[in-house]
file entry-v1.tsv (TSV, C-alpha atoms)
chain	number	residue	atom	x	y	z
A	761	MET	CA	-8.11	6.93	36.84
A	762	ASP	CA	-9.85	4.85	39.48
A	763	THR	CA	-9.30	1.17	38.72
A	764	ASN	CA	-11.02	-0.01	41.91
A	765	ARG	CA	-14.11	-0.88	39.88
A	766	LEU	CA	-12.07	-3.75	38.43
A	767	GLY	CA	-12.10	-5.48	41.80
A	768	THR	CA	-9.25	-7.12	43.65
A	769	GLN	CA	-9.24	-10.51	41.91
A	770	ASN	CA	-6.57	-10.11	39.20
A	771	PRO	CA	-7.72	-6.71	37.86
A	772	VAL	CA	-5.73	-7.15	34.62
A	773	THR	CA	-7.73	-10.26	33.76
A	774	VAL	CA	-10.97	-8.42	34.55
A	775	ALA	CA	-9.92	-5.55	32.29
A	776	LEU	CA	-9.00	-7.93	29.47
A	777	TYR	CA	-12.37	-9.67	29.72
A	778	GLY	CA	-14.06	-6.28	29.78
A	779	LEU	CA	-12.16	-5.15	26.70
A	780	ALA	CA	-13.07	-8.35	24.85
A	781	GLY	CA	-16.71	-7.95	25.83
A	782	GLU	CA	-16.91	-4.34	24.67
A	783	THR	CA	-15.17	-5.23	21.42
A	784	GLY	CA	-17.83	-7.89	20.88
A	785	SER	CA	-20.51	-5.29	21.61
A	786	ILE	CA	-19.27	-2.96	18.90
A	787	HIS	CA	-19.14	-5.86	16.45
A	788	THR	CA	-22.78	-6.52	17.30
A	789	LEU	CA	-23.69	-2.90	16.58
A	790	TYR	CA	-22.15	-3.07	13.11
A	791	LYS	CA	-23.85	-6.41	12.49
A	792	LYS	CA	-27.22	-4.86	13.34
A	793	ARG	CA	-26.61	-1.88	11.07
A	794	LEU	CA	-25.57	-4.21	8.26
A	795	ARG	CA	-28.71	-6.26	8.80
A	796	ASP	CA	-31.23	-3.46	9.41
A	797	GLY	CA	-29.76	-0.60	7.40
A	798	ASP	CA	-31.51	2.75	8.00
A	799	GLN	CA	-34.02	1.05	10.29
A	800	PHE	CA	-31.30	0.79	12.94
A	801	THR	CA	-31.48	4.20	14.60
A	802	GLY	CA	-29.09	5.85	17.05
A	803	PHE	CA	-26.11	4.00	15.62
A	804	ARG	CA	-23.53	6.77	16.09
A	805	GLU	CA	-24.45	7.39	19.71
A	806	LYS	CA	-24.33	3.67	20.49
A	807	VAL	CA	-20.92	3.35	18.82
A	808	LYS	CA	-19.70	6.40	20.75
A	809	GLU	CA	-20.75	4.76	24.01
A	810	GLU	CA	-19.10	1.42	23.19
A	811	LEU	CA	-15.88	3.13	22.08
A	812	GLY	CA	-15.88	5.03	25.36
A	813	ASP	CA	-16.07	1.74	27.27
A	814	ILE	CA	-13.26	0.28	25.14
A	815	LEU	CA	-11.14	3.36	25.84
A	816	TRP	CA	-11.79	2.99	29.57
A	817	TYR	CA	-10.57	-0.60	29.61
A	818	LEU	CA	-7.54	0.26	27.47
A	819	THR	CA	-6.67	3.05	29.89
A	820	ALA	CA	-7.12	0.72	32.84
A	821	ILE	CA	-4.78	-1.88	31.35
A	822	ALA	CA	-2.19	0.80	30.59
A	823	LYS	CA	-2.36	2.13	34.15
A	824	LEU	CA	-2.11	-1.33	35.67
A	825	GLU	CA	1.02	-1.95	33.59
A	826	ASP	CA	2.42	1.51	34.44
A	827	LEU	CA	2.23	2.64	30.81
A	828	SER	CA	1.32	6.05	29.45
A	829	LEU	CA	-1.33	6.27	26.73
A	830	GLU	CA	0.61	9.21	25.30
A	831	ASP	CA	3.80	7.15	25.08
A	832	ILE	CA	1.85	4.29	23.51
A	833	ALA	CA	0.34	6.64	20.90
A	834	VAL	CA	3.70	8.22	20.06
A	835	HIS	CA	5.34	4.80	19.68
A	836	ASN	CA	2.52	3.64	17.40
A	837	LEU	CA	2.84	6.74	15.22
A	838	GLU	CA	6.59	6.21	14.90
A	839	LYS	CA	6.06	2.56	13.95
A	840	THR	CA	3.37	3.45	11.40
A	841	THR	CA	5.39	6.30	9.90
A	842	SER	CA	8.41	4.03	9.47
A	843	ARG	CA	6.38	1.97	6.99
A	844	TRP	CA	6.12	4.87	4.56
A	845	LEU	CA	9.16	7.06	5.10
A	846	PRO	CA	12.88	6.24	5.09
A	847	THR	CA	14.34	6.48	8.58
A	848	GLY	CA	17.93	7.07	7.54
A	849	GLU	CA	20.56	6.76	4.85
A	850	ASP	CA	20.66	2.99	5.25
A	851	ASP	CA	17.11	2.79	3.88
A	852	TRP	CA	18.12	4.16	0.47
A	853	VAL	CA	19.50	1.67	-2.01
A	854	ASP	CA	21.87	3.10	-4.62
A	855	PHE	CA	20.89	1.25	-7.78
A	856	ASP	CA	22.74	3.23	-10.42
A	857	GLU	CA	24.26	6.49	-9.09
A	858	HIS	CA	27.78	5.16	-9.62
A	859	PHE	CA	27.05	4.11	-13.22
A	860	PRO	CA	27.58	6.32	-16.30
A	861	PRO	CA	24.76	8.87	-16.89
A	862	GLY	CA	23.58	6.97	-19.96
A	863	GLU	CA	22.96	3.88	-17.79
A	864	GLN	CA	21.03	5.71	-15.08
A	865	LEU	CA	17.26	5.94	-14.87
A	866	PRO	CA	16.19	9.56	-15.40
A	867	ARG	CA	15.64	11.43	-12.13
A	868	LEU	CA	12.86	13.43	-13.73
A	869	PHE	CA	10.66	12.50	-16.66
A	870	THR	CA	7.25	13.19	-18.15
A	871	ALA	CA	5.12	10.26	-19.27
A	872	GLN	CA	2.25	10.44	-21.74
A	873	PHE	CA	-0.30	7.71	-22.43
A	874	VAL	CA	-2.03	8.03	-25.80
A	875	ALA	CA	-5.13	5.85	-26.13
A	876	SER	CA	-6.62	4.70	-29.42
A	877	VAL	CA	-8.91	2.04	-30.88
A	878	GLU	CA	-7.79	-0.13	-33.80
A	879	ASP	CA	-10.13	-2.70	-35.33
A	880	GLY	CA	-12.27	-2.49	-32.23
A	881	VAL	CA	-9.33	-3.15	-29.89
A	882	SER	CA	-8.38	-0.51	-27.31
A	883	LYS	CA	-4.67	0.22	-27.30
A	884	VAL	CA	-2.28	2.68	-25.73
A	885	GLU	CA	1.07	4.15	-26.72
A	886	VAL	CA	3.44	5.33	-24.02
A	887	PHE	CA	5.88	8.21	-24.43
A	888	ILE	CA	8.54	9.39	-22.01
A	889	ASP	CA	9.76	12.90	-22.66
A	890	GLY	CA	8.33	12.60	-26.18
A	891	GLU	CA	10.13	9.34	-26.99
A	892	ARG	CA	7.97	6.31	-27.69
A	893	LEU	CA	8.41	3.57	-25.13
A	894	GLY	CA	8.08	0.16	-26.75
A	895	ALA	CA	5.14	-0.98	-28.84
A	896	LYS	CA	1.43	-0.24	-28.57
A	897	LEU	CA	-0.21	-2.23	-25.81
A	898	ASN	CA	-3.63	-3.82	-25.50
A	899	ASP	CA	-5.10	-5.55	-22.48
A	900	ASN	CA	-4.17	-9.05	-23.68
A	901	SER	CA	-7.38	-10.19	-22.05
A	902	TYR	CA	-10.73	-11.61	-23.17
A	903	GLU	CA	-12.39	-8.65	-21.47
A	904	ALA	CA	-11.14	-5.06	-21.48
A	905	ASP	CA	-9.79	-4.30	-18.01
A	906	GLY	CA	-7.34	-1.43	-18.54
A	907	TYR	CA	-4.17	-3.48	-18.21
A	908	ARG	CA	-2.83	-1.69	-21.29
A	909	PHE	CA	-2.00	1.17	-18.93
A	910	HIS	CA	0.04	-1.01	-16.58
A	911	ASP	CA	3.35	0.63	-17.51
A	912	ILE	CA	2.42	3.28	-14.95
A	913	LEU	CA	3.21	0.63	-12.32
A	914	HIS	CA	6.70	0.13	-13.74
A	915	MET	CA	7.18	3.90	-13.79
A	916	THR	CA	6.07	4.11	-10.18
A	917	CYS	CA	8.74	1.58	-9.23
A	918	ALA	CA	11.29	3.63	-11.15
A	919	ALA	CA	10.20	6.91	-9.58
A	920	LEU	CA	9.76	5.77	-5.98
A	921	LEU	CA	12.24	2.91	-5.71
A	922	GLY	CA	14.78	3.80	-8.37
A	923	TRP	CA	14.17	0.28	-9.68
A	924	SER	CA	12.43	-1.08	-12.75
A	925	PRO	CA	14.23	-3.50	-15.08
A	926	VAL	CA	11.36	-3.09	-17.55
A	927	ILE	CA	11.67	0.69	-17.82
A	928	ARG	CA	15.46	0.41	-17.85
A	929	ALA	CA	15.29	-2.00	-20.80
A	930	LEU	CA	12.69	0.01	-22.71
A	931	MET	CA	14.69	3.21	-22.25
A	932	LYS	CA	17.91	1.44	-23.17
A	933	ARG	CA	19.42	2.22	-19.79
A	934	LYS	CA	20.73	-1.26	-18.98
A	935	ARG	CA	23.97	-1.19	-17.00
A	936	LYS	CA	26.12	-2.88	-19.62
A	937	SER	CA	29.33	-1.40	-18.22
A	938	ASP	CA	29.12	-4.07	-15.50
A	939	LYS	CA	28.41	-7.48	-17.06
A	940	GLN	CA	27.34	-9.06	-13.78
A	941	THR	CA	24.86	-6.29	-12.97
A	942	ASP	CA	23.54	-6.32	-16.51
A	943	LYS	CA	22.98	-10.06	-16.37
A	944	VAL	CA	21.58	-10.38	-12.84
A	945	GLU	CA	19.76	-7.11	-12.15
A	946	ASP	CA	18.80	-5.97	-15.65
A	947	GLY	CA	18.40	-9.31	-17.44
A	948	GLY	CA	15.44	-11.51	-18.26
A	949	ARG	CA	14.80	-12.82	-14.76
A	950	ALA	CA	14.68	-9.32	-13.30
A	951	ILE	CA	12.36	-8.15	-16.08
A	952	VAL	CA	10.01	-11.10	-15.51
A	953	THR	CA	9.98	-10.26	-11.77
A	954	ASP	CA	9.08	-6.65	-12.56
A	955	GLU	CA	6.27	-7.76	-14.88
A	956	ALA	CA	4.97	-10.25	-12.31
A	957	LEU	CA	4.94	-7.54	-9.64
A	958	ALA	CA	2.97	-5.22	-11.93
A	959	ALA	CA	0.47	-7.99	-12.70
A	960	LEU	CA	0.08	-8.79	-8.99
A	961	VAL	CA	-0.55	-5.17	-8.04
A	962	PHE	CA	-2.95	-4.64	-10.95
A	963	ASN	CA	-4.96	-7.78	-10.18
A	964	TYR	CA	-5.22	-6.81	-6.51
A	965	ALA	CA	-6.46	-3.35	-7.47
A	966	PHE	CA	-8.88	-4.81	-10.03
A	967	ARG	CA	-10.46	-7.00	-7.36
A	968	HIS	CA	-10.81	-3.99	-5.03
A	969	THR	CA	-12.44	-1.42	-7.35
A	970	TYR	CA	-9.03	-0.07	-8.32
A	971	LEU	CA	-8.54	1.13	-4.72
A	972	GLU	CA	-10.83	4.04	-5.54
A	973	GLU	CA	-11.21	5.36	-1.99
A	974	ILE	CA	-7.84	4.16	-0.66
A	975	LYS	CA	-5.26	6.84	0.08
A	976	VAL	CA	-2.44	4.72	1.52
A	977	LEU	CA	-1.56	1.02	1.72
A	978	GLY	CA	0.33	-0.93	4.35
A	979	TRP	CA	3.05	-3.45	3.71
call {"tool": "encode", "arguments": {"input": "entry-v1.tsv", "output": "C-alpha cells"}}
result
Amino acid sequence: MDTNRLGTQNPVTVALYGLAGETGSIHTLYKKRLRDGDQFTGFREKVKEELGDILWYLTAIAKLEDLSLEDIAVHNLEKTTSRWLPTGEDDWVDFDEHFPPGEQLPRLFTAQFVASVEDGVSKVEVFIDGERLGAKLNDNSYEADGYRFHDILHMTCAALLGWSPVIRALMKRKRKSDKQTDKVEDGGRAIVTDEALAALVFNYAFRHTYLEEIKVLGW
C-alpha cells in the first residue's frame, strides 16, 4: 500500500483525521436515508464508496504501525469468541457435581408450559418431565405482557450456567447436605437474586420487541 498520499507531516495524524472524516461521511449518508427514505437514491453505492475510504485509512494506520490487518482480524475474532465460549476448564464452575444425585440439577430435562385462562386472567402451568413445577402463574401486571412464562429464564440459567436457585428450590434439589451452601447459595437471598435477574432480562427484552431479530447478545 502506498501511504505517500498521506504526506510527510505526521502521516498517522493525517490518517486519523481522514478516518474520522470518512466516518462522519457515512453517518451523514444514514442521516439522509433516515430523513428522505426511498427518495434518497444510490444509497448502497454511496455506502460502499465511503466504506472503501474507511478501509483505506484503516489499512494505512495499520501499515504505519507495522500491523497486519489479518493479525488484527484474527485477534478480534478470538476476543469476540471468548465472550460466548469457555476457553478452558477454569471457565466452568462446578456448582453441584460433588453433591448427592438428589441435590443436583438434572443434566437433561423436558419443560412444558400449559397456558389457560381463568376468570379472564391468562395463566400458565409449568411441568418438568411431567412433574408440576410450583403454582400456576399469571403476569402479576396491570397489562398482560407474558411474564407468566418467565420461568424459561430460570431454566436457561440452569441449563447454560448450571445455576438457578429458583429451579433448585422448585425441584426440591437444594443442597441440604451442606448447611452453609444451602443457606448462602440456595437460600432466600440467592432466590431473590435469581428472580431479580429474570425480571431484569425480561424487562430489557420487553423494551426491545422481545429481541425478535437478535441472534446473539454481548456482555
call {"tool": "closest_residue", "arguments": {"input": "entry-v1.tsv", "among": "A:Glu805, A:Leu930, A:Met761, A:Ile821", "to": "Ala775 in chain A", "atoms": "all atoms listed in the file"}}
result
A:Ile821
call {"tool": "residues_around", "arguments": {"input": "entry-v1.tsv", "residues": "Ala918 in chain A", "least_positions_apart": "6", "cutoff": "8 Å", "atoms": "only C-alpha atoms", "output": "ChimeraX atom specification"}}
result
/A:865,924,927
call {"tool": "atom_distance", "arguments": {"input": "entry-v1.tsv", "atom1": "CA of Ala929 in chain A", "atom2": "CA of Ile951 in chain A"}}
result
8.3 Å
call {"tool": "atom_distance", "arguments": {"input": "entry-v1.tsv", "atom1": "CA of Lys932 in chain A", "atom2": "CA of Asp946 in chain A"}}
result
10.6 Å
call {"tool": "residues_around", "arguments": {"input": "entry-v1.tsv", "residues": "Gly781 in chain A", "least_positions_apart": "5", "cutoff": "12 Å", "atoms": "all atoms listed in the file", "output": "list in words"}}
result
Val774, Ala775, Leu776, Ile786, His787, Thr788, Glu810, Leu811, Asp813, Ile814 and Tyr817 of chain A
call {"tool": "residues_around", "arguments": {"input": "entry-v1.tsv", "residues": "His910 in chain A", "least_positions_apart": "3", "cutoff": "10 Å", "atoms": "all atoms listed in the file", "output": "list in words"}}
result
Leu897, Asp899, Gly906, Tyr907, Leu913, His914, Met915, Glu955, Ala958, Ala959, Val961 and Phe962 of chain A
call {"tool": "atom_distance", "arguments": {"input": "entry-v1.tsv", "atom1": "CA of Ala919 in chain A", "atom2": "CA of Asn836 in chain A"}}
result
28.2 Å
call {"tool": "closest_residue", "arguments": {"input": "entry-v1.tsv", "among": "A:Ser842, A:Leu893, A:Arg935, A:Gly947", "to": "His858 in chain A", "atoms": "all atoms listed in the file"}}
result
A:Arg935
call {"tool": "closest_residue", "arguments": {"input": "entry-v1.tsv", "among": "A:Leu921, A:Leu789, A:Ala950, A:Lys943", "to": "Phe855 in chain A", "atoms": "only C-alpha atoms"}}
result
A:Leu921
call {"tool": "closest_residue", "arguments": {"input": "entry-v1.tsv", "among": "A:Lys806, A:Arg908, A:Val926, A:Pro771", "to": "Arg949 in chain A", "atoms": "all atoms listed in the file"}}
result
A:Val926
call {"tool": "residues_around", "arguments": {"input": "entry-v1.tsv", "residues": "Val874 in chain A", "least_positions_apart": "4", "cutoff": "7 Å", "atoms": "all atoms listed in the file", "output": "list in words"}}
result
Val884, Glu885 and Val886 of chain A
